[in-house]
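Asks: Below is a structure I'd like to ask you about.
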Amino acid sequence: MALNPLVDSRDMRFVLFEMLGIDRLARYDVFSMFDRDTYESTLDLAEKIAVERVYPANAVADKTGARYDPATKNVTVPAEFKSAMACFNEAGFTGLANDPAWGGTGMPEVMYRAVMEYFFAASISFTMNVSLLVGAANLVKNFATEEIKKLYLEKMISGEWGGTMCLTEPDAGSDVGALKTKAVKQKDGTYLITGQKIFISAGENDLYENIIHPVLARIEGDPPGTKGISIFLVPKFFANPDGTPGKRNDVVCSGIEHKMGIKGSPTCTLSFGDNGACVGYLMGEERQGMKIMFQMMNEARLDVALQGLGAASSAYLHAVAYARSRVQGADAAKKGGAPVTIVKHPDVRRMLLWMKSHVEAMRMITMLAAYSADLCHADPGAARESQALLDFLIPLCKAGNTDLAWLVTAEAIQVYGGYGFCADYPVEQLARDSKILSIYEGTNGIQSIDLAMRKLLMNPDMYNYSIFKKRIAETIDRARGTVDRALVLEVDRGLNMMDEAIRQLAGYRDAGETARILAVATPLQQAFRMLAHAWMHLWSLSICLPRLKGIAGDAEGDRLYGLARENPEAAFYYGKVLSSRFYLGTEFRKYFGCLDSVVSGDGAVVESIEEIFTGAMEG
């Protein structure tokens, strides 16, 4: 297999097997048929296809892009994606975590997410098709009628038919309740759909022989706002009784966007019912559309978190490879010496360690969220706590990973220097592709508000936060006596300071000063992300320190360096220890300043008026 510049596979296995112990999921009936060997071979296959088929297609697709034909209203995706998708589907990855009754494999969600990290790191544009398809298939599985499931679901889970998510409209972006798409009920129980949706990823393409659109619309006569929204399955082609695509439905693509990044992914405008003949099938009950769509949105937000992780992971590994090969400048510790690779320079090592510490924390917290989803499904006794933790982690993973992806890709460009700014090297594309991640599937501002209000201050008894806090406290207790006392106390101090900040925000809530909360929602989310990452690194240290000692004994200094150069496992654990020490000893200190800004009480944002921002325009 070619060199993997995408994901640290050893670290992936550390998170899955040494931290989370996912092989122990076999104690539950639903996962009893899977063991570590099965998981290992699945990861190996994902790595092989991602590295050898998807990654090479990514740069080509960025140059050719998706193309729209106004005459036929068809969209053509880069040809390289088609052969890569054939390999992906043949491996069964689309249905990896889905129900075997419909052709899926039934593996844990955490394994599906681990597999998808490889593919997101290889190409966000390519893998968006899969992400949307899996989300749409889950909606069909959970909310469509049995008749519809029999016609559409197996084809979706096999990867033969695609899927989308149709929410956004020209005048209803983040404000979904303002949508104008209309549904009129027919005598046969179907609905005629009319309206337009924009920014629909994979809305039209030639990767799939059919595309299934979950569409939010308001049934004629239903109330305004989100309470009056229903959700419908609208196929591009109706399914024949034998499962083949039949007559074309009245839904067409009227154009695609020209974008900064993810150019291989068509971002479409879709028109429904221009000829008055677009048929949709109600999913779930009337006026339950937003409740149903939130299931897909939560899954999609975890996928976007994985996109951020994948982009950051790939950027970091590319930067490492470049720094180990690029010769420039003498070693500052050896005056007059010969030029050395730039990885020898302390400032470059600082950049690499900064990236490494963030990527590893992102991987740990994202896989923990996915593992929590598995416990919700498999363990009734742990379901309530696991769901509470998952709900709390989703906005942290989505906003945290995607904000960091932009920063990590920028730092990777910095390692490359001027070459990083050039299209000849991969990191500039990773930066361009990653910027959208903080915007779609709910902007990171919306994630921050969701965290501050729905998941924290408006959550009954702040139960979600109490579980988050409980898990951190358990890790602190386990780390005592193993991890440097100063680092343990720093995380403990951070948790106590968060309690104090939340008490102040609860005071704003009780006083009806919601604007003060919303004004600090983003720095609060950023502080929570730092605290969550500190938790992950403390957890990692509590595992890695004893394992490093088991390999290296009491070796220090030159003896430890020498062992790490000869023994890959010693190097791995030593690297993990340094990464966590760097984060807890350097990066986590920024948390306290961030939290100070949350509780400062400064009212400039609340007191600002729109006129202060218009002076330059009027001049």
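Chains: A, B, ... in order of the structure tokens. Residues: from 1 per chain. Ligands: from 1, in order shown.
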Quick one: residues within 9 Å of region 587-591 of chain A, only C-alpha atoms counted, chain neighbours fewer than 4 positions away excluded, as a list in words?

Replies: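 Skipping anything fewer than 4 positions along the chain leaves Trp354, Glu490, Val491, Gly494, Gln526, Ala527, Phe528, Met530, Leu531, His533, Ala534, Phe582, Tyr583, Leu595 and Asp596 of chain A.
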
Asks: If you count only C-alpha atoms, which residues fall within 7 Å of region 377-393 of chain A, apart from same-chain ones fewer than 2 positions away, as a list in words?

Replies: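 Selected residues are Tyr28, Val30, Ala369, Ser372, Ala373, Asp374, Leu375, Pro395, Leu396, Cys397, Leu451, Lys455, Asn464, Ile467 and Phe468 of chain A.
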
Asks: Any idea what's packed within 7 Å of Leu6 (chain A), counting only C-alpha atoms, ignoring anything in its chain fewer than 6 positions away? Could you give it as a list in words?

Replies: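 My reading of the contact set: Tyr118, Ala121, Ala122, Ser313, Ser314 and Leu317 of chain A.
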
Asks: Need the shell around Gly135 (chain A): protein/DNA/RNA residues with any atom at most 8 Å away, counting only C-alpha atoms. Skip same-chain ones fewer than 4 positions apart. Format as a VMD selection string?

Replies: chain A and resid 131 139 163 to 164 296 299 to 300

Asks: Please produce, as a Markdown table, a per-residue contact table for region 114-216 of chain A versus region 83-97 of chain A (criterion: any atom at most 10 Å away, only C-alpha atoms considered), showing the nearest atom pair and its distance in Å to one decimal, sorted by chain then residue number.

Replies:
| residue | atom | partner | partner_atom | distance |
| --- | --- | --- | --- | --- |
| A:Val115 | CA | A:Phe93 | CA | 8.0 |
| A:Met116 | CA | A:Phe93 | CA | 8.6 |
| A:Phe119 | CA | A:Phe88 | CA | 9.5 |
| A:Phe126 | CA | A:Met85 | CA | 8.2 |
| A:Thr127 | CA | A:Met85 | CA | 9.1 |
| A:Asn129 | CA | A:Met85 | CA | 9.5 |
| A:Val130 | CA | A:Thr94 | CA | 6.5 |
| A:Ser131 | CA | A:Thr94 | CA | 8.5 |
| A:Leu133 | CA | A:Thr94 | CA | 8.0 |
| A:Val134 | CA | A:Thr94 | CA | 6.6 |
| A:Ala137 | CA | A:Gly95 | CA | 9.4 |
| A:Glu154 | CA | A:Gly95 | CA | 9.4 |
| A:Met156 | CA | A:Thr94 | CA | 8.4 |
| A:Ile157 | CA | A:Gly95 | CA | 5.0 |
| A:Ser158 | CA | A:Gly95 | CA | 6.3 |
| A:Gly159 | CA | A:Asn89 | CA | 5.7 |
| A:Glu160 | CA | A:Asn89 | CA | 8.0 |
| A:Leu207 | CA | A:Met85 | CA | 7.8 |
| A:Tyr208 | CA | A:Met85 | CA | 9.6 |

Asks: Let me see the file: selected residues, N, CA and C atoms, as a compact mmCIF listing (two decimals), in the first residue's frame.

Replies:
# COMPACT_ATOMS: atom_id res chain seq x y z
N VAL A 115 -13.78 4.57 9.97
CA VAL A 115 -13.58 4.32 8.55
C VAL A 115 -13.71 5.62 7.75
N MET A 116 -14.74 6.39 8.09
CA MET A 116 -15.00 7.61 7.32
C MET A 116 -13.94 8.67 7.54
N PHE A 119 -11.65 8.47 4.67
CA PHE A 119 -12.19 8.97 3.40
C PHE A 119 -12.36 10.48 3.42
N PHE A 126 -15.57 14.08 -2.30
CA PHE A 126 -16.01 12.72 -2.62
C PHE A 126 -16.93 12.18 -1.53
N THR A 127 -16.52 12.34 -0.30
CA THR A 127 -17.18 11.63 0.80
C THR A 127 -18.47 12.31 1.23
N ASN A 129 -20.91 12.86 -0.61
CA ASN A 129 -21.97 12.05 -1.23
C ASN A 129 -22.40 10.92 -0.31
N VAL A 130 -21.42 10.27 0.30
CA VAL A 130 -21.70 9.13 1.19
C VAL A 130 -22.40 9.61 2.46
N SER A 131 -21.90 10.69 3.03
CA SER A 131 -22.46 11.22 4.26
C SER A 131 -23.94 11.55 4.11
N LEU A 133 -26.00 10.44 1.76
CA LEU A 133 -26.74 9.22 1.44
C LEU A 133 -27.06 8.44 2.72
N VAL A 134 -26.08 8.26 3.59
CA VAL A 134 -26.30 7.49 4.82
C VAL A 134 -27.34 8.18 5.70
N ALA A 137 -30.75 7.68 4.12
CA ALA A 137 -31.17 6.29 4.29
C ALA A 137 -31.68 6.04 5.71
N GLU A 154 -33.02 -0.54 0.33
CA GLU A 154 -31.90 -1.44 0.05
C GLU A 154 -30.96 -0.86 -1.01
N MET A 156 -30.38 2.26 -1.47
CA MET A 156 -29.62 3.35 -0.84
C MET A 156 -28.48 2.78 0.00
N ILE A 157 -28.78 1.77 0.79
CA ILE A 157 -27.76 1.22 1.67
C ILE A 157 -26.64 0.54 0.88
N SER A 158 -26.97 0.03 -0.30
CA SER A 158 -25.93 -0.57 -1.14
C SER A 158 -25.06 0.47 -1.82
N GLY A 159 -25.51 1.73 -1.82
CA GLY A 159 -24.76 2.78 -2.50
C GLY A 159 -25.12 2.93 -3.97
N GLU A 160 -26.14 2.21 -4.43
CA GLU A 160 -26.57 2.34 -5.83
C GLU A 160 -27.34 3.64 -6.05
N LEU A 207 -23.17 10.15 -10.25
CA LEU A 207 -22.58 9.06 -9.46
C LEU A 207 -23.61 7.96 -9.21
N TYR A 208 -24.87 8.36 -9.08
CA TYR A 208 -25.92 7.43 -8.70
C TYR A 208 -27.00 7.39 -9.77

Asks: So that I can check the surroundings of Ala144 (chain A), please list as a list in words every protein, DNA and RNA residue that reaches within 9 Å of it, counting only C-alpha atoms and ignoring chain neighbours fewer than 2 positions away.

Replies: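 Returned residues: Leu139, Val140, Lys141, Asn142, Glu146, Glu147, Ile148, Lys149, Phe232, Leu233, Tyr281, Leu282, Met283 and Gly284 of chain A.
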
Asks: What does the file look like for those residues with N, CA, C and O atoms, as a PDB file, in the first residue's frame?

Replies:
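selection14.pdb, freshly written:
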ATOM      1  N   LEU A 139     -33.141   8.213   7.629  1.00  0.00           N
ATOM      2  CA  LEU A 139     -34.482   8.798   7.732  1.00  0.00           C
ATOM      3  C   LEU A 139     -35.523   7.872   7.113  1.00  0.00           C
ATOM      4  O   LEU A 139     -36.602   7.662   7.670  1.00  0.00           O
ATOM      5  N   VAL A 140     -35.209   7.319   5.949  1.00  0.00           N
ATOM      6  CA  VAL A 140     -36.136   6.399   5.288  1.00  0.00           C
ATOM      7  C   VAL A 140     -36.385   5.184   6.181  1.00  0.00           C
ATOM      8  O   VAL A 140     -37.528   4.742   6.369  1.00  0.00           O
ATOM      9  N   LYS A 141     -35.310   4.638   6.741  1.00  0.00           N
ATOM     10  CA  LYS A 141     -35.428   3.448   7.598  1.00  0.00           C
ATOM     11  C   LYS A 141     -36.326   3.714   8.807  1.00  0.00           C
ATOM     12  O   LYS A 141     -37.153   2.874   9.188  1.00  0.00           O
ATOM     13  N   ASN A 142     -36.188   4.894   9.399  1.00  0.00           N
ATOM     14  CA  ASN A 142     -36.878   5.180  10.657  1.00  0.00           C
ATOM     15  C   ASN A 142     -38.264   5.793  10.492  1.00  0.00           C
ATOM     16  O   ASN A 142     -39.094   5.672  11.398  1.00  0.00           O
ATOM     17  N   GLU A 146     -43.570   1.143   5.227  1.00  0.00           N
ATOM     18  CA  GLU A 146     -42.952  -0.124   4.840  1.00  0.00           C
ATOM     19  C   GLU A 146     -42.884  -0.261   3.317  1.00  0.00           C
ATOM     20  O   GLU A 146     -41.907  -0.783   2.775  1.00  0.00           O
ATOM     21  N   GLU A 147     -43.921   0.222   2.641  1.00  0.00           N
ATOM     22  CA  GLU A 147     -43.939   0.144   1.183  1.00  0.00           C
ATOM     23  C   GLU A 147     -42.783   0.935   0.579  1.00  0.00           C
ATOM     24  O   GLU A 147     -42.092   0.462  -0.325  1.00  0.00           O
ATOM     25  N   ILE A 148     -42.566   2.148   1.082  1.00  0.00           N
ATOM     26  CA  ILE A 148     -41.472   2.991   0.572  1.00  0.00           C
ATOM     27  C   ILE A 148     -40.124   2.364   0.901  1.00  0.00           C
ATOM     28  O   ILE A 148     -39.202   2.335   0.065  1.00  0.00           O
ATOM     29  N   LYS A 149     -39.986   1.842   2.115  1.00  0.00           N
ATOM     30  CA  LYS A 149     -38.718   1.204   2.493  1.00  0.00           C
ATOM     31  C   LYS A 149     -38.386   0.044   1.558  1.00  0.00           C
ATOM     32  O   LYS A 149     -37.238  -0.113   1.131  1.00  0.00           O
ATOM     33  N   PHE A 232     -40.852  15.172   3.522  1.00  0.00           N
ATOM     34  CA  PHE A 232     -41.319  14.300   2.451  1.00  0.00           C
ATOM     35  C   PHE A 232     -40.137  13.635   1.751  1.00  0.00           C
ATOM     36  O   PHE A 232     -39.059  14.224   1.616  1.00  0.00           O
ATOM     37  N   LEU A 233     -40.359  12.417   1.294  1.00  0.00           N
ATOM     38  CA  LEU A 233     -39.402  11.747   0.437  1.00  0.00           C
ATOM     39  C   LEU A 233     -39.778  12.049  -1.011  1.00  0.00           C
ATOM     40  O   LEU A 233     -40.897  11.753  -1.447  1.00  0.00           O
ATOM     41  N   TYR A 281     -43.682  11.792  -0.721  1.00  0.00           N
ATOM     42  CA  TYR A 281     -44.315  10.859   0.212  1.00  0.00           C
ATOM     43  C   TYR A 281     -44.009  11.315   1.635  1.00  0.00           C
ATOM     44  O   TYR A 281     -42.838  11.486   2.003  1.00  0.00           O
ATOM     45  N   LEU A 282     -45.045  11.510   2.429  1.00  0.00           N
ATOM     46  CA  LEU A 282     -44.863  11.968   3.803  1.00  0.00           C
ATOM     47  C   LEU A 282     -44.052  10.957   4.601  1.00  0.00           C
ATOM     48  O   LEU A 282     -44.314   9.751   4.542  1.00  0.00           O
ATOM     49  N   MET A 283     -43.071  11.451   5.351  1.00  0.00           N
ATOM     50  CA  MET A 283     -42.329  10.608   6.298  1.00  0.00           C
ATOM     51  C   MET A 283     -42.729  11.004   7.716  1.00  0.00           C
ATOM     52  O   MET A 283     -42.764  12.204   8.042  1.00  0.00           O
ATOM     53  N   GLY A 284     -43.017  10.010   8.526  1.00  0.00           N
ATOM     54  CA  GLY A 284     -43.496  10.300   9.867  1.00  0.00           C
ATOM     55  C   GLY A 284     -44.900  10.881   9.814  1.00  0.00           C
ATOM     56  O   GLY A 284     -45.697  10.551   8.935  1.00  0.00           O
TER      57      GLY A 284
END

Asks: Identify, on the basis of only C-alpha atoms, every residue whose closest approach to region 557-563 of chain A does not exceed 9 Å; exclude the query and any residue fewer than 6 positions from it along the same chain; express the result as a list of chain:residue names.

Replies: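 Non-adjacent residues within range: A:Ala570, A:Ala571, A:Tyr574.
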
Asks: Between A:Tyr152, A:Trp102, A:Tyr68, A:Trp161, which residue has the minimum interatomic distance to Ser265 (chain A), considering only C-alpha atoms?

Replies: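 Of A:Tyr152, A:Trp102, A:Tyr68, A:Trp161, the one nearest Ser265 (chain A), counting only C-alpha atoms, is A:Tyr68.
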
Asks: Using only C-alpha atoms, which of the listed residues (A:Thr64, A:Thr475, A:Asn298, A:Gln307) sits closest to Ile543 (chain A)?

Replies: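 Distance minimum relative to Ile543 (chain A) lands on A:Thr475.
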
Asks: Find the distance between CA of Val251 (chain A) and CA of Pro224 (chain A) and write it in Å to one decimal.

Replies: 24.4 Å
